[in-house]
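Heads up, start.pdb below (PDB, N, CA and C atoms):
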MODEL        1
ATOM      1  N   MET A  46     -22.268 134.525  38.244
ATOM      2  CA  MET A  46     -21.508 135.097  37.160
ATOM      3  C   MET A  46     -21.640 134.187  35.940
ATOM      4  N   SER A  47     -21.900 134.775  34.790
ATOM      5  CA  SER A  47     -22.019 133.987  33.568
ATOM      6  C   SER A  47     -20.797 134.194  32.694
ATOM      7  N   ILE A  48     -20.477 133.169  31.976
ATOM      8  CA  ILE A  48     -19.343 133.236  31.053
ATOM      9  C   ILE A  48     -19.898 133.345  29.638
ATOM     10  N   THR A  49     -19.438 134.346  28.914
ATOM     11  CA  THR A  49     -19.891 134.560  27.547
ATOM     12  C   THR A  49     -18.889 133.932  26.589
ATOM     13  N   THR A  50     -19.381 133.105  25.711
ATOM     14  CA  THR A  50     -18.543 132.520  24.675
ATOM     15  C   THR A  50     -18.734 133.336  23.408
ATOM     16  N   ARG A  51     -17.648 133.751  22.846
ATOM     17  CA  ARG A  51     -17.724 134.534  21.614
ATOM     18  C   ARG A  51     -17.671 133.605  20.415
ATOM     19  N   THR A  52     -18.608 133.800  19.518
ATOM     20  CA  THR A  52     -18.644 133.039  18.285
ATOM     21  C   THR A  52     -17.854 133.801  17.240
ATOM     22  N   PRO A  53     -16.918 133.136  16.573
ATOM     23  CA  PRO A  53     -16.151 133.850  15.548
ATOM     24  C   PRO A  53     -17.052 134.308  14.410
ATOM     25  N   ILE A  54     -16.730 135.455  13.874
ATOM     26  CA  ILE A  54     -17.475 136.000  12.744
ATOM     27  C   ILE A  54     -16.963 135.335  11.474
ATOM     28  N   GLY A  55     -17.870 134.955  10.616
ATOM     29  CA  GLY A  55     -17.486 134.388   9.329
ATOM     30  C   GLY A  55     -17.097 135.490   8.369
ATOM     31  N   ALA A  56     -17.048 135.171   7.136
ATOM     32  CA  ALA A  56     -16.684 136.133   6.098
ATOM     33  C   ALA A  56     -17.776 137.183   5.931
ATOM     34  N   ILE A  57     -17.356 138.387   5.608
ATOM     35  CA  ILE A  57     -18.282 139.489   5.352
ATOM     36  C   ILE A  57     -17.981 140.014   3.955
ATOM     37  N   TRP A  58     -19.030 140.221   3.173
ATOM     38  CA  TRP A  58     -18.865 140.755   1.823
ATOM     39  C   TRP A  58     -20.057 141.636   1.482
ATOM     40  N   MET A  59     -19.993 142.298   0.359
ATOM     41  CA  MET A  59     -21.053 143.192  -0.090
ATOM     42  C   MET A  59     -21.655 142.649  -1.383
ATOM     43  N   VAL A  60     -22.963 142.906  -1.549
ATOM     44  CA  VAL A  60     -23.679 142.500  -2.749
ATOM     45  C   VAL A  60     -24.180 143.766  -3.449
ATOM     46  N   LEU A  61     -23.894 143.897  -4.727
ATOM     47  CA  LEU A  61     -24.355 145.039  -5.515
ATOM     48  C   LEU A  61     -25.871 144.922  -5.692
ATOM     49  N   ASN A  62     -26.610 145.930  -5.245
ATOM     50  CA  ASN A  62     -28.069 145.920  -5.329
ATOM     51  C   ASN A  62     -28.584 146.058  -6.750
ATOM     52  N   ASP A  63     -28.037 147.027  -7.485
ATOM     53  CA  ASP A  63     -28.587 147.378  -8.796
ATOM     54  C   ASP A  63     -27.458 147.850  -9.700
ATOM     55  N   ARG A  64     -27.032 146.983 -10.597
ATOM     56  CA  ARG A  64     -25.910 147.327 -11.479
ATOM     57  C   ARG A  64     -26.253 148.497 -12.396
ATOM     58  N   LYS A  65     -27.526 148.626 -12.772
ATOM     59  CA  LYS A  65     -27.932 149.731 -13.639
ATOM     60  C   LYS A  65     -27.827 151.070 -12.914
ATOM     61  N   LYS A  66     -28.108 151.066 -11.631
ATOM     62  CA  LYS A  66     -27.980 152.294 -10.834
ATOM     63  C   LYS A  66     -26.512 152.709 -10.752
ATOM     64  N   LEU A  67     -25.633 151.740 -10.554
ATOM     65  CA  LEU A  67     -24.202 152.036 -10.525
ATOM     66  C   LEU A  67     -23.758 152.608 -11.872
ATOM     67  N   ALA A  68     -24.174 151.977 -12.947
ATOM     68  CA  ALA A  68     -23.805 152.455 -14.282
ATOM     69  C   ALA A  68     -24.342 153.862 -14.531
ATOM     70  N   LYS A  69     -25.568 154.118 -14.096
ATOM     71  CA  LYS A  69     -26.178 155.433 -14.284
ATOM     72  C   LYS A  69     -25.411 156.508 -13.518
ATOM     73  N   LEU A  70     -25.029 156.212 -12.277
ATOM     74  CA  LEU A  70     -24.238 157.166 -11.499
ATOM     75  C   LEU A  70     -22.909 157.462 -12.188
ATOM     76  N   MET A  71     -22.299 156.427 -12.749
ATOM     77  CA  MET A  71     -21.035 156.624 -13.453
ATOM     78  C   MET A  71     -21.216 157.532 -14.661
ATOM     79  N   VAL A  72     -22.279 157.336 -15.428
ATOM     80  CA  VAL A  72     -22.537 158.165 -16.619
ATOM     81  C   VAL A  72     -22.822 159.599 -16.210
ATOM     82  N   ILE A  73     -23.692 159.781 -15.229
ATOM     83  CA  ILE A  73     -24.064 161.126 -14.779
ATOM     84  C   ILE A  73     -22.840 161.905 -14.303
ATOM     85  N   GLN A  74     -21.939 161.209 -13.596
ATOM     86  CA  GLN A  74     -20.770 161.882 -13.037
ATOM     87  C   GLN A  74     -19.552 161.844 -13.966
ATOM     88  N   GLY A  75     -19.693 161.196 -15.116
ATOM     89  CA  GLY A  75     -18.579 161.127 -16.059
ATOM     90  C   GLY A  75     -17.404 160.326 -15.548
ATOM     91  N   VAL A  76     -17.689 159.243 -14.843
ATOM     92  CA  VAL A  76     -16.647 158.408 -14.252
ATOM     93  C   VAL A  76     -16.468 157.157 -15.120
ATOM     94  N   SER A  77     -15.244 156.876 -15.518
ATOM     95  CA  SER A  77     -14.963 155.691 -16.332
ATOM     96  C   SER A  77     -14.789 154.457 -15.445
ATOM     97  N   GLN A  78     -14.840 153.292 -16.080
ATOM     98  CA  GLN A  78     -14.598 152.047 -15.347
ATOM     99  C   GLN A  78     -13.196 152.028 -14.751
ATOM    100  N   ARG A  79     -12.237 152.463 -15.517
ATOM    101  CA  ARG A  79     -10.854 152.483 -15.028
ATOM    102  C   ARG A  79     -10.714 153.408 -13.822
ATOM    103  N   GLU A  80     -11.321 154.566 -13.904
ATOM    104  CA  GLU A  80     -11.251 155.541 -12.815
ATOM    105  C   GLU A  80     -11.893 154.987 -11.540
ATOM    106  N   LEU A  81     -13.068 154.393 -11.668
ATOM    107  CA  LEU A  81     -13.765 153.875 -10.494
ATOM    108  C   LEU A  81     -13.050 152.644  -9.933
ATOM    109  N   ALA A  82     -12.511 151.813 -10.802
ATOM    110  CA  ALA A  82     -11.753 150.646 -10.338
ATOM    111  C   ALA A  82     -10.523 151.086  -9.556
ATOM    112  N   GLN A  83      -9.857 152.126 -10.030
ATOM    113  CA  GLN A  83      -8.690 152.654  -9.321
ATOM    114  C   GLN A  83      -9.109 153.214  -7.967
ATOM    115  N   ALA A  84     -10.240 153.924  -7.921
ATOM    116  CA  ALA A  84     -10.746 154.456  -6.649
ATOM    117  C   ALA A  84     -11.095 153.326  -5.679
ATOM    118  N   ALA A  85     -11.538 152.182  -6.223
ATOM    119  CA  ALA A  85     -11.880 151.026  -5.394
ATOM    120  C   ALA A  85     -10.635 150.343  -4.846
ATOM    121  N   GLY A  86      -9.487 150.657  -5.443
ATOM    122  CA  GLY A  86      -8.241 150.047  -4.994
ATOM    123  C   GLY A  86      -7.825 148.838  -5.812
ATOM    124  N   TRP A  87      -8.490 148.641  -6.954
ATOM    125  CA  TRP A  87      -8.164 147.514  -7.825
ATOM    126  C   TRP A  87      -7.108 147.917  -8.835
ATOM    127  N   LYS A  88      -6.264 146.983  -9.229
ATOM    128  CA  LYS A  88      -5.221 147.229 -10.222
ATOM    129  C   LYS A  88      -5.784 147.239 -11.640
ATOM    130  N   SER A  89      -6.919 146.566 -11.831
ATOM    131  CA  SER A  89      -7.522 146.433 -13.147
ATOM    132  C   SER A  89      -9.004 146.800 -13.067
ATOM    133  N   HIS A  90      -9.574 147.179 -14.193
ATOM    134  CA  HIS A  90     -10.996 147.510 -14.231
ATOM    135  C   HIS A  90     -11.856 146.313 -14.642
ATOM    136  N   SER A  91     -11.246 145.152 -14.842
ATOM    137  CA  SER A  91     -11.987 143.993 -15.351
ATOM    138  C   SER A  91     -13.082 143.516 -14.393
ATOM    139  N   TYR A  92     -12.828 143.513 -13.082
ATOM    140  CA  TYR A  92     -13.866 143.042 -12.162
ATOM    141  C   TYR A  92     -15.033 144.023 -12.128
ATOM    142  N   LEU A  93     -14.756 145.308 -12.212
ATOM    143  CA  LEU A  93     -15.830 146.297 -12.262
ATOM    144  C   LEU A  93     -16.687 146.065 -13.505
ATOM    145  N   GLY A  94     -16.061 145.743 -14.618
ATOM    146  CA  GLY A  94     -16.804 145.420 -15.830
ATOM    147  C   GLY A  94     -17.715 144.222 -15.629
ATOM    148  N   ARG A  95     -17.229 143.223 -14.924
ATOM    149  CA  ARG A  95     -18.047 142.035 -14.633
ATOM    150  C   ARG A  95     -19.223 142.400 -13.729
ATOM    151  N   LEU A  96     -19.009 143.299 -12.772
ATOM    152  CA  LEU A  96     -20.111 143.768 -11.919
ATOM    153  C   LEU A  96     -21.164 144.492 -12.756
ATOM    154  N   LEU A  97     -20.714 145.361 -13.629
ATOM    155  CA  LEU A  97     -21.631 146.152 -14.446
ATOM    156  C   LEU A  97     -22.402 145.301 -15.459
ATOM    157  N   ARG A  98     -21.800 144.218 -15.924
ATOM    158  CA  ARG A  98     -22.487 143.310 -16.856
ATOM    159  C   ARG A  98     -23.417 142.342 -16.141
ATOM    160  N   GLY A  99     -23.256 142.209 -14.832
ATOM    161  CA  GLY A  99     -24.076 141.269 -14.079
ATOM    162  C   GLY A  99     -23.489 139.871 -14.022
ATOM    163  N   ASP A 100     -22.245 139.717 -14.450
ATOM    164  CA  ASP A 100     -21.584 138.409 -14.382
ATOM    165  C   ASP A 100     -21.349 137.989 -12.934
ATOM    166  N   VAL A 101     -21.074 138.955 -12.077
ATOM    167  CA  VAL A 101     -20.884 138.751 -10.638
ATOM    168  C   VAL A 101     -21.649 139.843  -9.916
ATOM    169  N   ASN A 102     -21.892 139.657  -8.627
ATOM    170  CA  ASN A 102     -22.579 140.715  -7.882
ATOM    171  C   ASN A 102     -22.023 140.922  -6.486
ATOM    172  N   THR A 103     -20.890 140.300  -6.162
ATOM    173  CA  THR A 103     -20.316 140.469  -4.835
ATOM    174  C   THR A 103     -18.918 141.066  -4.904
ATOM    175  N   LEU A 104     -18.531 141.706  -3.834
ATOM    176  CA  LEU A 104     -17.203 142.262  -3.723
ATOM    177  C   LEU A 104     -16.847 142.424  -2.255
ATOM    178  N   ASP A 105     -15.577 142.625  -1.996
ATOM    179  CA  ASP A 105     -15.123 142.837  -0.628
ATOM    180  C   ASP A 105     -15.682 144.148  -0.089
ATOM    181  N   VAL A 106     -15.682 144.263   1.215
ATOM    182  CA  VAL A 106     -16.265 145.427   1.877
ATOM    183  C   VAL A 106     -15.523 146.718   1.530
ATOM    184  N   GLU A 107     -14.206 146.694   1.607
ATOM    185  CA  GLU A 107     -13.438 147.923   1.392
ATOM    186  C   GLU A 107     -13.636 148.532   0.001
ATOM    187  N   PRO A 108     -13.545 147.764  -1.074
ATOM    188  CA  PRO A 108     -13.804 148.366  -2.386
ATOM    189  C   PRO A 108     -15.226 148.921  -2.520
ATOM    190  N   ALA A 109     -16.200 148.247  -1.917
ATOM    191  CA  ALA A 109     -17.584 148.735  -1.981
ATOM    192  C   ALA A 109     -17.698 150.100  -1.301
ATOM    193  N   ILE A 110     -17.077 150.237  -0.161
ATOM    194  CA  ILE A 110     -17.107 151.524   0.552
ATOM    195  C   ILE A 110     -16.401 152.596  -0.263
ATOM    196  N   ARG A 111     -15.269 152.247  -0.849
ATOM    197  CA  ARG A 111     -14.512 153.213  -1.666
ATOM    198  C   ARG A 111     -15.320 153.664  -2.888
ATOM    199  N   ILE A 112     -16.021 152.727  -3.525
ATOM    200  CA  ILE A 112     -16.850 153.054  -4.686
ATOM    201  C   ILE A 112     -17.958 154.017  -4.295
ATOM    202  N   ALA A 113     -18.659 153.717  -3.221
ATOM    203  CA  ALA A 113     -19.746 154.586  -2.769
ATOM    204  C   ALA A 113     -19.225 155.975  -2.408
ATOM    205  N   MET A 114     -18.115 156.025  -1.692
ATOM    206  CA  MET A 114     -17.550 157.328  -1.305
ATOM    207  C   MET A 114     -17.142 158.126  -2.541
ATOM    208  N   TYR A 115     -16.517 157.471  -3.505
ATOM    209  CA  TYR A 115     -16.065 158.155  -4.718
ATOM    210  C   TYR A 115     -17.238 158.745  -5.490
ATOM    211  N   LEU A 116     -18.354 158.011  -5.500
ATOM    212  CA  LEU A 116     -19.544 158.483  -6.217
ATOM    213  C   LEU A 116     -20.412 159.403  -5.364
ATOM    214  N   GLY A 117     -20.047 159.573  -4.102
ATOM    215  CA  GLY A 117     -20.768 160.504  -3.229
ATOM    216  C   GLY A 117     -22.134 160.006  -2.787
ATOM    217  N   VAL A 118     -22.274 158.691  -2.654
ATOM    218  CA  VAL A 118     -23.543 158.117  -2.197
ATOM    219  C   VAL A 118     -23.274 157.249  -0.973
ATOM    220  N   GLY A 119     -24.328 156.925  -0.258
ATOM    221  CA  GLY A 119     -24.190 156.037   0.875
ATOM    222  C   GLY A 119     -23.919 154.621   0.398
ATOM    223  N   THR A 120     -23.147 153.894   1.164
ATOM    224  CA  THR A 120     -22.843 152.509   0.809
ATOM    225  C   THR A 120     -24.121 151.701   0.625
ATOM    226  N   ASP A 121     -25.103 151.950   1.486
ATOM    227  CA  ASP A 121     -26.358 151.195   1.394
ATOM    228  C   ASP A 121     -27.223 151.608   0.204
ATOM    229  N   ASP A 122     -26.857 152.674  -0.497
ATOM    230  CA  ASP A 122     -27.558 153.035  -1.736
ATOM    231  C   ASP A 122     -27.203 152.081  -2.873
ATOM    232  N   LEU A 123     -26.015 151.477  -2.793
ATOM    233  CA  LEU A 123     -25.550 150.598  -3.860
ATOM    234  C   LEU A 123     -25.391 149.135  -3.432
ATOM    235  N   PHE A 124     -25.115 148.915  -2.150
ATOM    236  CA  PHE A 124     -24.733 147.583  -1.700
ATOM    237  C   PHE A 124     -25.501 147.137  -0.461
ATOM    238  N   MET A 125     -25.578 145.810  -0.302
ATOM    239  CA  MET A 125     -26.074 145.190   0.926
ATOM    240  C   MET A 125     -24.919 144.374   1.488
ATOM    241  N   SER A 126     -24.771 144.399   2.807
ATOM    242  CA  SER A 126     -23.725 143.574   3.405
ATOM    243  C   SER A 126     -24.270 142.184   3.678
ATOM    244  N   ARG A 127     -23.404 141.216   3.576
ATOM    245  CA  ARG A 127     -23.742 139.822   3.845
ATOM    246  C   ARG A 127     -22.629 139.222   4.694
ATOM    247  N   ALA A 128     -23.006 138.320   5.559
ATOM    248  CA  ALA A 128     -22.030 137.608   6.384
ATOM    249  C   ALA A 128     -22.393 136.142   6.403
ATOM    250  N   SER A 129     -21.373 135.313   6.370
ATOM    251  CA  SER A 129     -21.629 133.878   6.437
ATOM    252  C   SER A 129     -21.928 133.501   7.881
ATOM    253  N   THR A 130     -22.581 132.399   8.050
ATOM    254  CA  THR A 130     -22.874 131.904   9.393
ATOM    255  C   THR A 130     -21.796 130.949   9.860
ATOM    256  N   HIS A 131     -20.807 130.715   9.018
ATOM    257  CA  HIS A 131     -19.713 129.813   9.351
ATOM    258  C   HIS A 131     -18.409 130.584   9.325
ATOM    259  N   SER A 132     -17.534 130.291  10.249
ATOM    260  CA  SER A 132     -16.222 130.921  10.223
ATOM    261  C   SER A 132     -15.306 130.089   9.339
ATOM    262  N   GLY A 133     -14.267 130.685   8.882
ATOM    263  CA  GLY A 133     -13.301 129.956   8.070
ATOM    264  C   GLY A 133     -13.151 130.538   6.694
ATOM    265  N   ARG A 134     -12.163 130.039   5.983
ATOM    266  CA  ARG A 134     -11.813 130.584   4.673
ATOM    267  C   ARG A 134     -12.855 130.295   3.605
ATOM    268  N   ASN A 135     -13.563 129.196   3.699
ATOM    269  CA  ASN A 135     -14.510 128.832   2.653
ATOM    270  C   ASN A 135     -15.919 129.312   2.947
ATOM    271  N   ALA A 136     -16.058 130.282   3.827
ATOM    272  CA  ALA A 136     -17.375 130.730   4.250
ATOM    273  C   ALA A 136     -18.048 131.655   3.244
ATOM    274  N   SER A 137     -17.296 132.356   2.431
ATOM    275  CA  SER A 137     -17.883 133.325   1.505
ATOM    276  C   SER A 137     -18.083 132.685   0.131
ATOM    277  N   PRO A 138     -18.901 133.319  -0.699
ATOM    278  CA  PRO A 138     -19.120 132.779  -2.043
ATOM    279  C   PRO A 138     -17.920 133.034  -2.931
ATOM    280  N   ARG A 139     -16.933 132.181  -2.871
ATOM    281  CA  ARG A 139     -15.637 132.412  -3.512
ATOM    282  C   ARG A 139     -15.699 132.584  -5.021
ATOM    283  N   ARG A 140     -16.666 131.968  -5.703
ATOM    284  CA  ARG A 140     -16.659 132.130  -7.155
ATOM    285  C   ARG A 140     -16.973 133.541  -7.577
ATOM    286  N   THR A 141     -17.655 134.296  -6.736
ATOM    287  CA  THR A 141     -18.013 135.645  -7.158
ATOM    288  C   THR A 141     -17.391 136.728  -6.279
ATOM    289  N   LEU A 142     -16.702 136.361  -5.226
ATOM    290  CA  LEU A 142     -16.122 137.358  -4.329
ATOM    291  C   LEU A 142     -14.922 138.019  -4.982
ATOM    292  N   ALA A 143     -14.911 139.342  -4.976
ATOM    293  CA  ALA A 143     -13.826 140.091  -5.614
ATOM    294  C   ALA A 143     -12.634 140.163  -4.705
ATOM    295  N   HIS A 144     -11.533 139.789  -5.217
ATOM    296  CA  HIS A 144     -10.267 139.976  -4.518
ATOM    297  C   HIS A 144      -9.476 140.996  -5.325
ATOM    298  N   ALA A 145      -8.755 141.843  -4.631
ATOM    299  CA  ALA A 145      -7.983 142.871  -5.333
ATOM    300  C   ALA A 145      -7.102 142.207  -6.383
ATOM    301  N   SER A 146      -7.281 142.625  -7.594
ATOM    302  CA  SER A 146      -6.514 141.994  -8.676
ATOM    303  C   SER A 146      -5.490 142.931  -9.227
TER     304      SER A 146
ENDMDL
END

Could you write out this structure as structure tokens?
Amino acid sequence: MSITTRTPIGAIWMVLNDRKKLAKLMVIQGVSQRELAQAAGWKSHSYLGRLLRGDVNTLDVEPAIRIAMYLGVGTDDLFMSRASTHSGRNASPRRTLAHAS
């Protein structure tokens, strides 16, 4: 009989693949930054603006899924998932990781 040791999962986040594609989908569908930020579950549209300008490119998993669903596209059409190889609070790229604001 073998004993399996489970390795804790580190932080998981999403990376925006193409900010221009996101902006184009918003224009085509007539979706404002405020509207999409609200659909993502954010209190403010400022982080979405930073994503669209390219100032940051990461966000939490849940808002990424909400954004894709709201725009009617697959999550993988806009985002790539990333996971750290280390467990713990400092495992994700904190300077660019979006926290609900």

Result set, the PyMOL selection byres (((chain A and resi 121 and name CA) around 12) and name CA) on current file, as a VMD selection string: chain A and resid 59 to 63 106 109 to 110 112 to 114 117 to 120 122 to 127

Between atom CA of Ala84 of chain A and atom CA of Asp105 of chain A, distance in Å (one decimal):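 Separation between atom CA of Ala84 of chain A and atom CA of Asp105 of chain A: 13.8 Å.
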
Filtered DSSP result for segment 48-140 of chain A, state strand (DSSP E or B), as a list in words: Ile57, Trp58, Met59, Val60, Leu61, Thr103, Leu104, Phe124, Met125, Ser126, Arg127 and Ala128 of chain A

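Distance annotation: of A:Ile57, A:Ile73, A:Ala128, A:Ala68, the residue with the minimal separation from Arg95 of chain A is A:Ala68; atom set is only C-alpha atoms.
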
Between atom C of Leu104 of chain A and atom CA of Lys65 of chain A - distance in Å to one decimal: 17.5 Å

Residues matched by the PyMOL selection byres (((chain A and resi 85 and name CA) around 7) and name CA) as a list of chain:residue names: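 Checking the PyMOL selection byres (((chain A and resi 85 and name CA) around 7) and name CA) against this file, the residues are A:Leu81, A:Ala82, A:Gln83, A:Ala84, A:Gly86, A:Trp87, A:Pro108, A:Arg111, A:Ile112.
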
Once 8 Å is added on each side, what centre and edge lengths in Å to one decimal does the axis-aligned box around all listed atoms of segment 75-81 of chain A have, as AutoDock Vina command-line options?
--center_x -15.2 --center_y 156.6 --center_z -13.1 --size_x 25.0 --size_y 25.2 --size_z 22.4

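The gap separating atom C of Ala56 of chain A from atom N of Leu93 of chain A is 20.1 Å, in Å to one decimal.
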
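The nearest approach to Thr130 of chain A among the residues A:Val101, A:Gly55, A:Glu80, A:Leu67, with only N, CA and C atoms taken into account, belongs to A:Gly55.
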
Residue with smallest distance to Glu107 of chain A - pool A:Gln78, A:Lys88, A:Trp58, A:Lys69, counting all atoms listed in the file: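 Nearest candidate to Glu107 of chain A out of A:Gln78, A:Lys88, A:Trp58, A:Lys69: A:Trp58.
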
What are the DSSP helix (DSSP H, G or I) residues of segment 75-106 of chain A, as a PDB file with N, CA and C atoms, keeping the file's coordinate frame?
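After the write, result19.pdb holds the following:
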ATOM      1  N   GLN A  78     -14.840 153.292 -16.080  1.00  0.00           N
ATOM      2  CA  GLN A  78     -14.598 152.047 -15.347  1.00  0.00           C
ATOM      3  C   GLN A  78     -13.196 152.028 -14.751  1.00  0.00           C
ATOM      4  N   ARG A  79     -12.237 152.463 -15.517  1.00  0.00           N
ATOM      5  CA  ARG A  79     -10.854 152.483 -15.028  1.00  0.00           C
ATOM      6  C   ARG A  79     -10.714 153.408 -13.822  1.00  0.00           C
ATOM      7  N   GLU A  80     -11.321 154.566 -13.904  1.00  0.00           N
ATOM      8  CA  GLU A  80     -11.251 155.541 -12.815  1.00  0.00           C
ATOM      9  C   GLU A  80     -11.893 154.987 -11.540  1.00  0.00           C
ATOM     10  N   LEU A  81     -13.068 154.393 -11.668  1.00  0.00           N
ATOM     11  CA  LEU A  81     -13.765 153.875 -10.494  1.00  0.00           C
ATOM     12  C   LEU A  81     -13.050 152.644  -9.933  1.00  0.00           C
ATOM     13  N   ALA A  82     -12.511 151.813 -10.802  1.00  0.00           N
ATOM     14  CA  ALA A  82     -11.753 150.646 -10.338  1.00  0.00           C
ATOM     15  C   ALA A  82     -10.523 151.086  -9.556  1.00  0.00           C
ATOM     16  N   GLN A  83      -9.857 152.126 -10.030  1.00  0.00           N
ATOM     17  CA  GLN A  83      -8.690 152.654  -9.321  1.00  0.00           C
ATOM     18  C   GLN A  83      -9.109 153.214  -7.967  1.00  0.00           C
ATOM     19  N   ALA A  84     -10.240 153.924  -7.921  1.00  0.00           N
ATOM     20  CA  ALA A  84     -10.746 154.456  -6.649  1.00  0.00           C
ATOM     21  C   ALA A  84     -11.095 153.326  -5.679  1.00  0.00           C
ATOM     22  N   ALA A  85     -11.538 152.182  -6.223  1.00  0.00           N
ATOM     23  CA  ALA A  85     -11.880 151.026  -5.394  1.00  0.00           C
ATOM     24  C   ALA A  85     -10.635 150.343  -4.846  1.00  0.00           C
ATOM     25  N   SER A  91     -11.246 145.152 -14.842  1.00  0.00           N
ATOM     26  CA  SER A  91     -11.987 143.993 -15.351  1.00  0.00           C
ATOM     27  C   SER A  91     -13.082 143.516 -14.393  1.00  0.00           C
ATOM     28  N   TYR A  92     -12.828 143.513 -13.082  1.00  0.00           N
ATOM     29  CA  TYR A  92     -13.866 143.042 -12.162  1.00  0.00           C
ATOM     30  C   TYR A  92     -15.033 144.023 -12.128  1.00  0.00           C
ATOM     31  N   LEU A  93     -14.756 145.308 -12.212  1.00  0.00           N
ATOM     32  CA  LEU A  93     -15.830 146.297 -12.262  1.00  0.00           C
ATOM     33  C   LEU A  93     -16.687 146.065 -13.505  1.00  0.00           C
ATOM     34  N   GLY A  94     -16.061 145.743 -14.618  1.00  0.00           N
ATOM     35  CA  GLY A  94     -16.804 145.420 -15.830  1.00  0.00           C
ATOM     36  C   GLY A  94     -17.715 144.222 -15.629  1.00  0.00           C
ATOM     37  N   ARG A  95     -17.229 143.223 -14.924  1.00  0.00           N
ATOM     38  CA  ARG A  95     -18.047 142.035 -14.633  1.00  0.00           C
ATOM     39  C   ARG A  95     -19.223 142.400 -13.729  1.00  0.00           C
ATOM     40  N   LEU A  96     -19.009 143.299 -12.772  1.00  0.00           N
ATOM     41  CA  LEU A  96     -20.111 143.768 -11.919  1.00  0.00           C
ATOM     42  C   LEU A  96     -21.164 144.492 -12.756  1.00  0.00           C
ATOM     43  N   LEU A  97     -20.714 145.361 -13.629  1.00  0.00           N
ATOM     44  CA  LEU A  97     -21.631 146.152 -14.446  1.00  0.00           C
ATOM     45  C   LEU A  97     -22.402 145.301 -15.459  1.00  0.00           C
ATOM     46  N   ARG A  98     -21.800 144.218 -15.924  1.00  0.00           N
ATOM     47  CA  ARG A  98     -22.487 143.310 -16.856  1.00  0.00           C
ATOM     48  C   ARG A  98     -23.417 142.342 -16.141  1.00  0.00           C
ATOM     49  N   VAL A 106     -15.682 144.263   1.215  1.00  0.00           N
ATOM     50  CA  VAL A 106     -16.265 145.427   1.877  1.00  0.00           C
ATOM     51  C   VAL A 106     -15.523 146.718   1.530  1.00  0.00           C
TER      52      VAL A 106
END
